[in-house]
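Q: Got a file for you: structure10.txt, compact mmCIF, C-alpha atoms.
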```txt
# COMPACT_ATOMS: atom_id res chain seq x y z
CA MET A 17 33.65 20.09 51.40
CA PRO A 18 32.27 21.52 48.15
CA ARG A 19 29.20 23.64 48.36
CA ARG A 20 26.03 21.69 47.58
CA SER A 21 23.26 22.68 45.22
CA ALA A 22 20.19 24.37 46.61
CA VAL A 23 16.70 23.07 45.81
CA THR A 24 13.53 25.14 45.87
CA LEU A 25 10.05 23.65 45.51
CA MET A 26 7.18 26.02 44.90
CA ARG A 27 3.42 25.82 45.04
CA HIS A 28 2.60 29.31 43.80
CA VAL A 29 5.16 30.74 41.43
CA ALA A 30 3.08 33.88 41.16
CA SER A 31 3.19 34.51 44.88
CA ALA A 32 6.94 34.04 44.72
CA ARG A 33 6.88 37.53 43.24
CA VAL A 34 6.95 36.67 39.57
CA CYS A 35 3.70 38.60 39.18
CA PRO A 36 0.49 39.09 41.17
CA LEU A 37 -2.07 36.34 41.52
CA HIS A 38 -5.23 37.09 39.57
CA THR A 39 -8.63 35.82 40.68
CA SER A 40 -9.52 35.21 37.05
CA SER A 41 -7.16 32.23 37.11
CA CYS A 42 -9.16 30.46 39.82
CA GLY A 43 -10.20 26.86 39.20
CA ASN A 44 -13.60 25.30 39.68
CA SER A 45 -13.31 24.94 43.46
CA SER A 46 -13.14 28.71 43.95
CA THR A 47 -16.64 29.05 42.50
CA LYS A 48 -18.29 26.68 44.96
CA PRO A 49 -21.45 28.18 46.53
CA THR A 50 -20.90 29.71 49.93
CA ASP A 51 -23.14 30.07 52.98
CA GLY A 52 -21.38 33.12 54.37
CA PHE A 53 -18.57 33.88 56.74
CA GLN A 54 -19.95 34.00 60.28
CA PRO A 55 -17.32 33.02 62.85
CA GLU A 56 -17.87 33.59 66.56
CA LYS A 57 -14.15 33.86 67.39
CA VAL A 58 -11.45 35.39 65.20
CA ALA A 59 -7.71 35.57 65.82
CA VAL A 60 -5.99 38.59 64.25
CA VAL A 61 -2.29 37.82 63.75
CA THR A 62 -0.21 40.97 63.23
CA LYS A 63 3.20 41.45 61.71
CA THR A 64 6.18 42.93 63.54
CA THR A 65 6.90 46.30 61.95
CA ARG A 66 10.45 47.42 61.19
CA TYR A 67 10.07 50.06 63.90
CA GLU A 68 9.18 47.40 66.48
CA PHE A 69 11.98 45.15 65.27
CA GLU A 70 14.62 47.89 65.62
CA GLN A 71 13.30 48.90 69.02
CA GLN A 72 13.44 45.36 70.34
CA ARG A 73 16.81 44.70 68.76
CA TYR A 74 18.58 47.68 70.30
CA ARG A 75 16.67 47.88 73.57
CA TYR A 76 18.69 44.89 74.77
CA ALA A 77 21.86 46.79 73.89
CA GLY A 78 20.85 49.55 76.30
CA LEU A 79 20.23 52.23 73.66
CA CYS A 80 17.88 55.08 74.44
CA GLU A 81 15.45 56.45 71.84
CA GLU A 82 17.81 59.26 70.78
CA ASP A 83 20.68 56.81 70.28
CA LEU A 84 18.36 54.63 68.20
CA LYS A 85 17.47 57.61 66.00
CA HIS A 86 21.15 58.35 65.45
CA LEU A 87 22.01 54.72 64.74
CA LEU A 88 19.19 54.36 62.21
CA ALA A 89 20.31 57.56 60.49
CA MET A 90 23.83 56.13 60.17
CA LYS A 91 22.30 53.04 58.51
CA GLY A 92 20.38 55.22 56.07
CA SER A 93 16.99 54.63 57.71
CA SER A 94 14.60 57.31 58.90
CA TYR A 95 13.33 56.95 62.46
CA SER A 96 10.33 59.16 61.73
CA GLY A 97 9.61 57.22 58.54
CA LEU A 98 9.65 53.86 60.33
CA LEU A 99 7.43 55.26 63.07
CA ALA A 100 4.97 56.61 60.50
CA ARG A 101 4.72 53.20 58.76
CA HIS A 102 4.29 51.55 62.16
CA ASN A 103 1.41 53.88 63.00
CA ILE A 104 -0.29 53.16 59.66
CA HIS A 105 -0.10 49.43 60.36
CA THR A 106 -1.31 49.84 63.95
CA ASN A 107 -4.26 52.01 62.93
CA ASN A 108 -5.33 49.51 60.28
CA VAL A 109 -5.15 46.65 62.79
CA GLU A 110 -7.36 48.63 65.19
CA HIS A 111 -9.76 49.27 62.32
CA ILE A 112 -10.02 45.52 61.65
CA VAL A 113 -10.52 44.66 65.32
CA LYS A 114 -13.22 47.29 65.89
CA SER A 115 -15.07 46.20 62.75
CA LEU A 116 -15.13 42.59 63.95
CA GLN A 117 -16.21 43.52 67.47
CA LYS A 118 -19.01 45.69 66.08
CA GLU A 119 -20.43 42.55 64.48
CA GLY A 120 -20.38 40.79 67.86
CA ILE A 121 -17.32 38.68 67.06
CA GLU A 122 -14.89 37.80 69.85
CA VAL A 123 -11.37 38.88 68.86
CA GLN A 124 -7.92 37.84 70.02
CA VAL A 125 -4.98 39.91 68.72
CA VAL A 126 -1.60 38.15 68.71
CA LYS A 127 1.84 39.07 67.45
CA ARG A 128 3.34 36.66 64.98
CA GLY A 129 5.88 35.56 67.60
CA GLU A 130 2.98 34.54 69.89
CA TYR A 131 1.07 32.71 67.18
CA ASP A 132 0.87 28.99 67.94
CA THR A 133 -1.39 25.93 67.69
CA GLU A 134 -3.44 27.03 70.73
CA VAL A 135 -4.41 30.23 68.93
CA VAL A 136 -5.34 28.24 65.82
CA GLN A 137 -7.49 25.82 67.83
CA TRP A 138 -9.26 28.68 69.65
CA ALA A 139 -10.27 30.59 66.52
CA ASP A 140 -13.08 29.83 64.08
CA ALA A 141 -11.26 31.92 61.49
CA ILE A 142 -7.92 33.74 61.32
CA ILE A 143 -7.09 37.12 59.84
CA SER A 144 -3.52 37.84 58.81
CA ALA A 145 -2.82 41.55 59.41
CA GLY A 146 0.37 42.40 57.55
CA GLY A 147 1.67 41.43 54.12
CA ASP A 148 2.44 38.21 52.28
CA GLY A 149 5.05 37.16 54.87
CA THR A 150 2.51 37.29 57.68
CA MET A 151 -0.02 35.42 55.56
CA LEU A 152 2.50 32.65 54.89
CA LEU A 153 3.22 32.29 58.61
CA VAL A 154 -0.47 32.22 59.50
CA ALA A 155 -1.22 29.62 56.83
CA SER A 156 1.65 27.33 57.89
CA LYS A 157 0.05 26.43 61.22
CA VAL A 158 -3.54 25.95 60.00
CA LEU A 159 -3.85 22.23 59.31
CA SER A 160 -7.63 22.04 58.86
CA LYS A 161 -9.10 22.82 55.44
CA ASP A 162 -12.31 23.95 57.17
CA LYS A 163 -10.75 26.92 58.99
CA PRO A 164 -10.82 30.09 56.82
CA VAL A 165 -7.77 32.34 56.60
CA VAL A 166 -8.14 35.91 55.32
CA GLY A 167 -5.24 38.24 54.59
CA VAL A 168 -5.46 42.02 55.00
CA ASN A 169 -2.57 44.17 53.80
CA THR A 170 -2.06 46.71 56.60
CA ASP A 171 0.50 48.82 54.72
CA PRO A 172 -0.43 48.70 51.01
CA GLU A 173 2.04 51.41 49.99
CA ARG A 174 5.04 49.39 51.20
CA SER A 175 3.85 45.81 50.93
CA GLU A 176 2.90 43.63 47.95
CA GLY A 177 0.03 41.69 49.53
CA HIS A 178 -0.62 39.32 46.60
CA LEU A 179 -2.16 36.82 49.02
CA CYS A 180 -4.36 39.42 50.73
CA LEU A 181 -7.71 41.00 49.97
CA PRO A 182 -7.70 43.81 47.36
CA VAL A 183 -6.05 46.88 48.90
CA LYS A 184 -9.20 48.99 48.87
CA TYR A 185 -10.55 46.79 51.67
CA THR A 186 -7.69 47.80 53.98
CA ARG A 187 -9.41 51.13 54.65
CA LYS A 188 -12.89 49.75 53.93
CA PHE A 189 -12.71 46.59 55.98
CA PRO A 190 -16.34 46.90 57.22
CA GLU A 191 -17.40 46.69 53.55
CA ALA A 192 -15.35 43.52 53.08
CA LEU A 193 -16.68 42.03 56.32
CA GLY A 194 -20.24 42.79 55.25
CA LYS A 195 -19.72 40.97 51.96
CA LEU A 196 -18.21 38.01 53.77
CA CYS A 197 -21.08 37.78 56.25
CA ARG A 198 -23.65 38.01 53.44
CA GLY A 199 -21.90 35.33 51.41
CA GLU A 200 -20.98 37.70 48.58
CA PHE A 201 -17.65 36.04 47.87
CA ARG A 202 -16.14 32.81 46.59
CA TRP A 203 -14.16 30.23 48.52
CA GLN A 204 -10.74 29.44 47.17
CA TRP A 205 -8.85 26.32 48.24
CA ARG A 206 -5.12 26.84 47.79
CA GLN A 207 -2.97 23.75 47.44
CA ARG A 208 -0.08 23.45 49.90
CA ILE A 209 3.04 21.37 50.42
CA ARG A 210 3.44 18.74 53.15
CA LEU A 211 6.76 17.40 54.41
CA HIS A 212 7.80 13.99 55.70
CA LEU A 213 11.24 13.71 57.33
CA GLU A 214 13.19 10.58 58.20
CA GLY A 215 16.74 9.43 58.87
CA THR A 216 19.61 10.94 60.83
CA GLY A 217 20.78 14.52 60.46
CA ILE A 218 17.38 16.03 61.22
CA ASN A 219 15.68 17.88 64.05
CA PRO A 220 11.88 18.19 63.69
CA THR A 221 11.86 21.20 66.06
CA PRO A 222 11.75 24.31 63.85
CA LEU A 223 13.78 27.47 64.28
CA ASP A 224 11.63 30.55 63.68
CA LEU A 225 13.33 33.00 61.30
CA HIS A 226 10.47 35.45 60.87
CA GLU A 227 11.65 37.92 63.48
CA GLN A 228 15.34 37.09 63.48
CA GLN A 229 18.11 38.39 61.26
CA LEU A 230 20.68 35.63 61.72
CA SER A 231 24.07 35.10 60.21
CA LEU A 232 24.81 31.59 58.92
CA GLU A 233 26.88 30.81 62.03
CA GLN A 234 24.13 32.09 64.36
CA HIS A 235 21.59 30.03 62.46
CA SER A 236 23.72 26.87 62.66
CA GLN A 237 24.40 27.42 66.37
CA ALA A 238 20.69 27.85 67.07
CA HIS A 239 19.96 24.56 65.29
CA ARG A 240 22.67 22.80 67.31
CA ILE A 241 21.12 24.07 70.53
CA THR A 242 17.61 22.89 69.59
CA THR A 243 19.01 19.50 68.56
CA MET A 244 20.80 19.08 71.90
CA ASP A 245 17.71 20.20 73.83
CA ASN A 246 15.56 17.73 71.91
CA GLN A 247 17.92 14.83 72.64
CA GLN A 248 18.19 15.73 76.34
CA LYS A 249 14.40 15.84 76.70
CA THR A 250 13.82 12.49 75.02
CA GLY A 251 17.05 10.75 76.01
CA THR A 252 16.86 8.81 72.76
CA LEU A 253 17.05 9.28 69.02
CA ASN A 254 13.98 10.92 67.56
CA GLU A 255 11.41 8.42 66.25
CA SER A 256 11.72 10.01 62.77
CA PHE A 257 15.12 8.23 62.61
CA PHE A 258 13.18 4.98 62.23
CA LYS A 259 10.10 6.04 60.25
CA PRO A 260 8.90 9.07 58.26
CA SER A 261 7.43 11.84 60.38
CA LEU A 262 4.89 14.31 59.00
CA LEU A 263 5.89 17.82 60.07
CA PRO A 264 3.15 19.94 61.72
CA VAL A 265 3.50 22.76 59.19
CA ARG A 266 2.22 23.26 55.66
CA SER A 267 3.91 25.37 53.02
CA LEU A 268 1.74 27.71 51.00
CA ASN A 269 4.53 29.04 48.82
CA GLU A 270 7.90 27.30 48.82
CA ILE A 271 10.37 24.90 50.44
CA PHE A 272 14.06 25.78 50.25
CA ILE A 273 16.81 23.23 50.93
CA GLY A 274 20.45 24.32 50.95
CA GLU A 275 23.63 25.02 52.88
CA SER A 276 23.07 28.74 53.33
CA LEU A 277 20.42 31.16 54.50
CA SER A 278 19.57 32.41 51.01
CA SER A 279 16.19 30.90 51.69
CA ARG A 280 13.97 33.81 50.76
CA SER A 281 14.16 32.99 47.07
CA TYR A 282 12.74 36.17 45.65
CA ASN A 283 12.07 35.79 41.91
CA ILE A 284 14.27 32.69 41.83
CA ASN A 285 13.10 31.65 38.35
CA LYS A 286 12.28 35.04 36.87
CA LEU A 287 14.39 36.23 33.96
CA ALA A 288 15.58 39.83 33.72
CA GLU A 289 15.52 41.78 30.46
CA GLN A 290 19.32 42.02 30.48
CA ALA A 291 19.68 38.21 30.45
CA VAL A 292 17.11 37.86 27.65
CA ASN A 293 18.91 40.55 25.63
CA GLU A 294 22.25 38.76 25.95
CA ILE A 295 20.76 35.37 25.00
CA LEU A 296 19.03 36.84 21.94
CA LYS A 297 22.29 38.48 20.87
CA ILE A 298 24.05 35.10 20.99
CA GLY A 299 21.16 33.46 19.14
CA LYS A 300 21.26 36.11 16.43
CA CYS A 301 25.03 35.75 16.04
CA GLN A 302 24.94 31.94 15.92
CA THR A 303 21.98 31.56 13.55
CA GLY A 304 22.24 34.67 11.39
CA LEU A 305 18.51 35.18 11.85
CA ALA A 306 17.10 38.72 11.83
CA ILE A 307 16.14 38.68 15.51
CA PRO A 308 15.06 42.18 16.58
CA LEU A 309 16.96 43.48 19.61
CA ASN A 310 14.88 46.56 20.32
CA LEU A 311 13.56 47.22 23.81
CA GLU A 312 9.93 46.45 22.93
CA PHE A 313 10.74 42.98 21.58
CA ILE A 314 13.01 42.15 24.54
CA GLU A 315 10.31 43.21 27.00
CA LYS A 316 7.72 41.07 25.18
CA VAL A 317 9.93 37.95 25.24
CA THR A 318 10.84 38.52 28.90
CA ASP A 319 7.21 38.97 29.93
CA LYS A 320 6.13 35.91 27.94
CA TYR A 321 8.69 33.69 29.67
CA ASN A 322 7.91 35.00 33.16
CA GLU A 323 4.17 34.59 32.58
CA SER A 324 4.75 30.95 31.65
CA LEU A 325 5.95 30.32 35.22
CA VAL A 326 2.58 31.23 36.71
CA PHE A 327 0.17 28.40 37.52
CA SER A 328 -3.11 28.17 39.39
CA PRO A 329 -3.02 28.13 43.21
CA GLU A 330 -5.31 25.09 42.98
CA ASP A 331 -2.96 23.10 40.72
CA ARG A 332 -1.78 20.00 42.63
CA ARG A 333 1.63 19.91 40.98
CA LEU A 334 4.88 21.07 42.58
CA PHE A 335 7.31 23.30 40.72
CA PHE A 336 10.93 22.40 41.53
CA SER A 337 14.09 24.36 40.79
CA ILE A 338 17.72 23.32 41.40
CA ARG A 339 19.84 26.39 41.96
CA GLU A 340 23.56 26.17 41.14
CA PRO A 341 23.48 22.46 40.21
CA ILE A 342 26.74 20.54 40.58
CA VAL A 343 27.79 18.99 37.28
CA ASN A 344 31.04 16.99 37.03
CA ARG A 345 32.19 13.47 36.19
CA VAL A 346 30.46 12.15 39.33
CA PHE A 347 27.23 14.15 39.34
CA SER A 348 25.02 15.10 36.41
CA SER A 349 22.01 17.36 36.18
CA SER A 350 19.52 16.62 33.41
CA ARG A 351 16.65 18.85 34.54
CA GLN A 352 17.18 22.06 36.46
CA ARG A 353 13.48 22.89 36.88
CA GLY A 354 10.09 21.45 36.13
CA PHE A 355 6.83 20.08 37.58
CA ALA A 356 6.33 16.99 39.73
CA SER A 357 3.67 15.41 41.96
CA LYS A 358 6.20 14.27 44.58
CA VAL A 359 9.89 14.99 45.23
CA CYS A 360 12.31 13.05 47.47
CA VAL A 361 15.54 14.77 48.59
CA ARG A 362 18.41 13.01 50.38
CA SER A 363 20.91 15.26 52.15
CA ARG A 364 24.66 14.99 51.61
CA CYS A 365 25.32 18.23 53.48
CA TRP A 366 27.06 19.05 56.74
CA ASP A 367 25.48 22.40 57.57
CA ALA A 368 22.14 22.53 55.77
CA CYS A 369 18.62 23.64 56.47
CA MET A 370 15.15 23.19 55.04
CA VAL A 371 13.18 26.44 55.21
CA VAL A 372 9.39 26.57 54.92
CA ASP A 373 8.05 29.77 53.32
CA GLY A 374 11.11 31.72 54.45
CA GLY A 375 10.00 31.44 58.08
CA SER A 376 10.48 28.03 59.74
CA SER A 377 13.89 26.36 59.41
CA PHE A 378 14.54 22.65 60.02
CA GLU A 379 17.95 21.02 60.30
CA PHE A 380 18.65 18.92 57.20
CA ASN A 381 22.09 17.32 57.27
CA ASP A 382 23.78 14.16 56.01
CA GLY A 383 21.45 11.18 56.46
CA ALA A 384 18.23 13.18 56.30
CA ILE A 385 15.54 12.32 53.77
CA ALA A 386 12.64 14.63 52.92
CA THR A 387 9.57 13.57 50.96
CA ILE A 388 7.71 16.58 49.63
CA SER A 389 4.21 16.26 48.20
CA THR A 390 0.70 17.70 48.13
CA SER A 391 -2.56 16.33 49.48
CA GLU A 392 -6.17 17.34 49.08
CA ASP A 393 -6.42 17.25 52.88
CA ASP A 394 -3.97 20.17 53.13
CA GLU A 395 -5.89 22.69 51.04
CA LEU A 396 -6.06 26.14 52.64
CA ARG A 397 -9.51 27.75 52.70
CA THR A 398 -9.28 31.41 51.66
CA VAL A 399 -11.72 33.88 50.16
CA VAL A 400 -11.93 35.76 46.88
CA LEU A 401 -13.55 39.21 46.91
CA ASP A 402 -13.93 41.13 43.69
CA ASN A 403 -11.99 44.39 43.62
```
Could you write out this file's structure as structure tokens?
A:
Amino acid sequence: MPRRSAVTLMRHVASARVCPLHTSSCGNSSTKPTDGFQPEKVAVVTKTTRYEFEQQRYRYAGLCEEDLKHLLAMKGSSYSGLLARHNIHTNNVEHIVKSLQKEGIEVQVVKRGEYDTEVVQWADAIISAGGDGTMLLVASKVLSKDKPVVGVNTDPERSEGHLCLPVKYTRKFPEALGKLCRGEFRWQWRQRIRLHLEGTGINPTPLDLHEQQLSLEQHSQAHRITTMDNQQKTGTLNESFFKPSLLPVRSLNEIFIGESLSSRSYNINKLAEQAVNEILKIGKCQTGLAIPLNLEFIEKVTDKYNESLVFSPEDRRLFFSIREPIVNRVFSSSRQRGFASKVCVRSRCWDACMVVDGGSSFEFNDGAIATISTSEDDELRTVVLDN
């Protein structure tokens, strides 16, 4: 079978690492008056550090700590460096927790692998303690627009944290918390993507990729296992075969559909200066125009194009991009990317997946239909603090 095209739908091009989100681009809803941030119960969801991941990964292989150090060195990684970054993250998490408890707030700390709907229901507000990846995971399970989600970057030197509070508040979290409690901030409602699935070739039970490094075969096998388990439990075809089913996750950043695990589409639409340079050279040759090819001009054109991809987090449109479109005498591709209010995708694949924010993967094979849209009911309540 020929390889199929991959489709990516984005809500926040900026948070897909084109460039940082800027609070100056906020819409009217982010300036709504606020009565303060005074939750009684807060869940702090923490990332799994690389040190923890490597420890867990090789502990099952029976490796001792010294063997792990040697193995990491062979891979070009520093054991002491990973441990140091782990300690920075851990200390910052403790700083957050103590600051909350000092204000009389009940705190529950959970690892991202333990984060589920029960945690969401328990908490009045949720703090993501990690980077953008942790924030995306936290946001995916919060279905109520009334439950605030705040991101804190616990390792600013090694993590982007575009979706988190300004980095100065990592070490000065009590200052940030004080501003939140006094109402010295603005609410921001970020638009998100909802997914309806129907037809055959689907399994509405997600496979969590956040803490797994899976090969394509391992990923496919895991999906086959969850599909078989789901059928054995119900004894019948899933009801989504007969009618559209709204998935219990919301995407803050992107939906990827394709036949491979290249689902973390980092800078998928961003142009590099080399590509711009080569295009301008062709344009100059074909037109005879005096197009300057100096570095300054190329950088300016590149930046201008990449900036055009950025749109407000409150914009209700979807940005879609078809990667590697198939064009032949049977299939044509008129638009490779653009904006839409709703997108419907029908699968013609045999080994495909639909990945939400690089973390939750759903089976999406021949016969599956996905309807992807936005709704005002799915807005995520976050905060904006001036830097």
Q: Which residues are close to Trp205 of chain A, i.e. within 9 Å by only C-alpha atoms, leaving aside same-chain residues fewer than 3 positions away? Reply as a list in words.
A: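 Here the answer would be Ser45, Ser46, Lys161, Pro329, Glu330, Glu395, Leu396, Arg397, Thr398 and Val399 of chain A.
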Q: Measuring atom to atom with only C-alpha atoms, identify which of A:Gly274, A:Phe313, A:Val166, A:Arg187 is nearest to Pro341 of chain A.
A: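 That would be A:Gly274, the residue with the smallest distance to Pro341 of chain A.
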Q: How many Å separate atom CA of Gly146 of chain A from atom CA of Ala59 of chain A?
A: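 It comes out at 13.4 Å.
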Q: Which residues are close to segment 383-385 of chain A, i.e. within 8 Å by all atoms listed in the file, leaving aside same-chain residues fewer than 5 positions away? Reply as a PyMOL selection string.
A: chain A and resi 213-218+360-364
Q: Tell me, as a PDB file with C-alpha atoms, in the coordinates of the input, which residues lie within 8 Å of Glu379 of chain A, counting only C-alpha atoms; anything in the same chain fewer than 4 positions away does not count.
A:
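Final file, out.pdb:
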```
ATOM      1  CA  GLY A 217      20.780  14.520  60.460  1.00  0.00           C
ATOM      2  CA  ILE A 218      17.380  16.030  61.220  1.00  0.00           C
ATOM      3  CA  ASN A 219      15.680  17.880  64.050  1.00  0.00           C
ATOM      4  CA  PRO A 220      11.880  18.190  63.690  1.00  0.00           C
ATOM      5  CA  PRO A 222      11.750  24.310  63.850  1.00  0.00           C
ATOM      6  CA  HIS A 239      19.960  24.560  65.290  1.00  0.00           C
ATOM      7  CA  ALA A 368      22.140  22.530  55.770  1.00  0.00           C
ATOM      8  CA  CYS A 369      18.620  23.640  56.470  1.00  0.00           C
ATOM      9  CA  MET A 370      15.150  23.190  55.040  1.00  0.00           C
TER      10      MET A 370
END
```
Q: From the set A:Asp331, A:Met90, A:Ile142, A:Asn107, which residue has the shortest atom-to-atom contact distance to Pro55 of chain A, counting only C-alpha atoms?
A: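 Closest to Pro55 of chain A, using only C-alpha atoms: A:Ile142.
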Q: Figure out the distance between atom CA of Arg208 of chain A and atom CA of Leu193 of chain A, please, to one decimal in Å.
A: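 Distance between the two atoms: 25.7 Å.
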Q: List as a PyMOL selection string the protein and nucleic acid residues near segment 80-87 of chain A, meaning an atom at most 10 Å away when all atoms listed in the file are counted, but skip any in the same chain fewer than 6 places from it.
A: chain A and resi 70-71+74+93-96
Q: Report the distance between atom CA of Asp132 of chain A and atom CA of Ala155 of chain A in Å, rounded to one decimal place.
A: 11.3 Å
